[in-house]
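J.: Please see the structure below; I have some questions.
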Amino acid sequence: MSNPQVPAVVLRSRDAASHGLTRHDLSRPWWEAPTRGVRVPVGSIDGIAARCRAALEILPASAAFSHVTALRLLGIEVPWRLD
């Protein structure tokens, strides 16, 4: 069951009030937090690219993804296992 208050986009937690949402609303089970300060509808994070798009909401404009994250965004498998 979907909630009509849940935006279909990435939402910064600090912007919740402008969408008519309270802190309590953000703790509801239809939200997940891919990173601190960001909420997305449950199930909308389906890979590294979606997780990075969510993180971009709170990162400074000068931020960049590098190392293993950049390799994975480019579709390059890393030759070692990360846990």
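Every chain in the structure tokens has a letter given in the order shown (A, B, ...), and although residue numbers restart at 1 in each chain, ligands are simply numbered from 1 in the order shown.
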Counting only C-alpha atoms, which residues of region 10-49 of chain A fall within 12 Å of region 65-78 of chain A, and what is the closest atom pair for each with its distance in Å at one decimal, ordered by chain and rising number, as CSV?

T.:
```
residue,atom,partner,partner_atom,distance
A:Gly47,CA,A:Leu73,CA,9.5
A:Ile48,CA,A:Leu73,CA,6.7
A:Ala49,CA,A:Leu73,CA,6.2
```

J.: I'd like the neighbourhood of Arg36 (chain A) as a PDB file with N, CA and C atoms, in the first residue's frame, where a residue qualifies if any of its atoms comes within 9 Å (using only C-alpha atoms), though same-chain residues fewer than 2 positions away should be ignored.

T.:
```
ATOM      1  N   SER A  13      15.984  15.165   4.642  1.00  0.00           N
ATOM      2  CA  SER A  13      15.194  15.163   5.876  1.00  0.00           C
ATOM      3  C   SER A  13      14.827  16.575   6.297  1.00  0.00           C
ATOM      4  N   ALA A  33      16.545   5.180   4.835  1.00  0.00           N
ATOM      5  CA  ALA A  33      17.595   6.199   4.863  1.00  0.00           C
ATOM      6  C   ALA A  33      18.870   5.612   4.253  1.00  0.00           C
ATOM      7  N   PRO A  34      19.118   5.882   2.971  1.00  0.00           N
ATOM      8  CA  PRO A  34      20.338   5.357   2.364  1.00  0.00           C
ATOM      9  C   PRO A  34      21.595   6.013   2.923  1.00  0.00           C
ATOM     10  N   VAL A  38      18.928  11.857   4.534  1.00  0.00           N
ATOM     11  CA  VAL A  38      18.212  11.609   3.279  1.00  0.00           C
ATOM     12  C   VAL A  38      17.200  10.493   3.497  1.00  0.00           C
ATOM     13  N   ARG A  39      16.018  10.663   2.939  1.00  0.00           N
ATOM     14  CA  ARG A  39      14.991   9.617   2.979  1.00  0.00           C
ATOM     15  C   ARG A  39      14.515   9.364   1.557  1.00  0.00           C
ATOM     16  N   ALA A  55      22.906  10.263  -1.995  1.00  0.00           N
ATOM     17  CA  ALA A  55      23.967  10.938  -1.241  1.00  0.00           C
ATOM     18  C   ALA A  55      24.245  12.330  -1.788  1.00  0.00           C
ATOM     19  N   ILE A  58      22.936  15.606  -0.094  1.00  0.00           N
ATOM     20  CA  ILE A  58      23.505  16.250   1.088  1.00  0.00           C
ATOM     21  C   ILE A  58      24.990  16.561   0.942  1.00  0.00           C
TER      22      ILE A  58
END
```

J.: Got a sec: who's within 12 Å of Asp25 (chain A), counting only C-alpha atoms, leaving out chain neighbours fewer than 3 positions off, as a compact mmCIF listing (two decimals) with N, CA, C and O atoms, in the first residue's frame?

T.:
```txt
# COMPACT_ATOMS: atom_id res chain seq x y z
N ASN A 3 1.60 5.42 0.27
CA ASN A 3 1.08 6.57 1.00
C ASN A 3 1.13 7.76 0.06
O ASN A 3 2.18 8.04 -0.51
N GLN A 5 1.44 10.78 0.67
CA GLN A 5 2.35 11.83 1.11
C GLN A 5 3.80 11.55 0.73
O GLN A 5 4.64 12.41 0.85
N VAL A 6 4.10 10.35 0.30
CA VAL A 6 5.48 9.97 0.02
C VAL A 6 5.88 10.45 -1.37
O VAL A 6 5.36 9.97 -2.36
N SER A 13 15.98 15.16 4.64
CA SER A 13 15.19 15.16 5.88
C SER A 13 14.83 16.57 6.30
O SER A 13 13.72 16.83 6.77
N ALA A 16 11.58 17.99 4.82
CA ALA A 16 10.34 17.22 5.02
C ALA A 16 9.14 18.12 5.28
O ALA A 16 8.05 17.89 4.74
N ALA A 17 9.32 19.16 6.08
CA ALA A 17 8.19 20.03 6.42
C ALA A 17 7.60 20.70 5.18
O ALA A 17 6.39 20.90 5.10
N HIS A 19 7.14 19.40 2.47
CA HIS A 19 6.30 18.39 1.82
C HIS A 19 5.15 17.98 2.73
O HIS A 19 4.45 17.01 2.44
N GLY A 20 5.00 18.69 3.85
CA GLY A 20 3.92 18.38 4.78
C GLY A 20 4.20 17.17 5.66
O GLY A 20 3.29 16.55 6.18
N LEU A 21 5.49 16.81 5.81
CA LEU A 21 5.86 15.64 6.59
C LEU A 21 6.52 16.06 7.91
O LEU A 21 7.22 17.06 7.97
N THR A 22 6.28 15.27 8.93
CA THR A 22 6.90 15.51 10.24
C THR A 22 8.05 14.52 10.44
O THR A 22 8.22 13.58 9.67
N ARG A 28 8.38 6.37 9.50
CA ARG A 28 7.39 5.37 9.10
C ARG A 28 8.04 4.29 8.23
O ARG A 28 9.08 4.53 7.61
N PRO A 29 7.44 3.11 8.16
CA PRO A 29 8.08 2.00 7.45
C PRO A 29 8.15 2.15 5.92
O PRO A 29 8.82 1.36 5.28
N TRP A 30 7.51 3.14 5.35
CA TRP A 30 7.62 3.30 3.90
C TRP A 30 8.81 4.15 3.48
O TRP A 30 9.02 4.41 2.31
N TRP A 31 9.60 4.60 4.45
CA TRP A 31 10.82 5.37 4.18
C TRP A 31 12.04 4.56 4.55
O TRP A 31 12.04 3.81 5.51
N GLU A 32 13.12 4.75 3.82
CA GLU A 32 14.42 4.22 4.23
C GLU A 32 15.44 5.33 4.11
O GLU A 32 15.23 6.30 3.38
N ARG A 39 16.02 10.66 2.94
CA ARG A 39 14.99 9.62 2.98
C ARG A 39 14.52 9.36 1.56
O ARG A 39 14.41 10.28 0.74
N PRO A 41 11.65 6.51 -0.65
CA PRO A 41 10.64 5.46 -0.48
C PRO A 41 11.32 4.09 -0.43
O PRO A 41 12.29 3.84 -1.15
```

J.: Apply DSSP to the backbone of this structure and, from chain A, keep only the residues in strand (DSSP E); write these as a ChimeraX atom specification.

T.: /A:11-12,31-32,38-41

J.: Between CA of Arg23 (chain A) and CA of Asp46 (chain A), what is the distance, to one decimal in Å?

T.: 24.6 Å
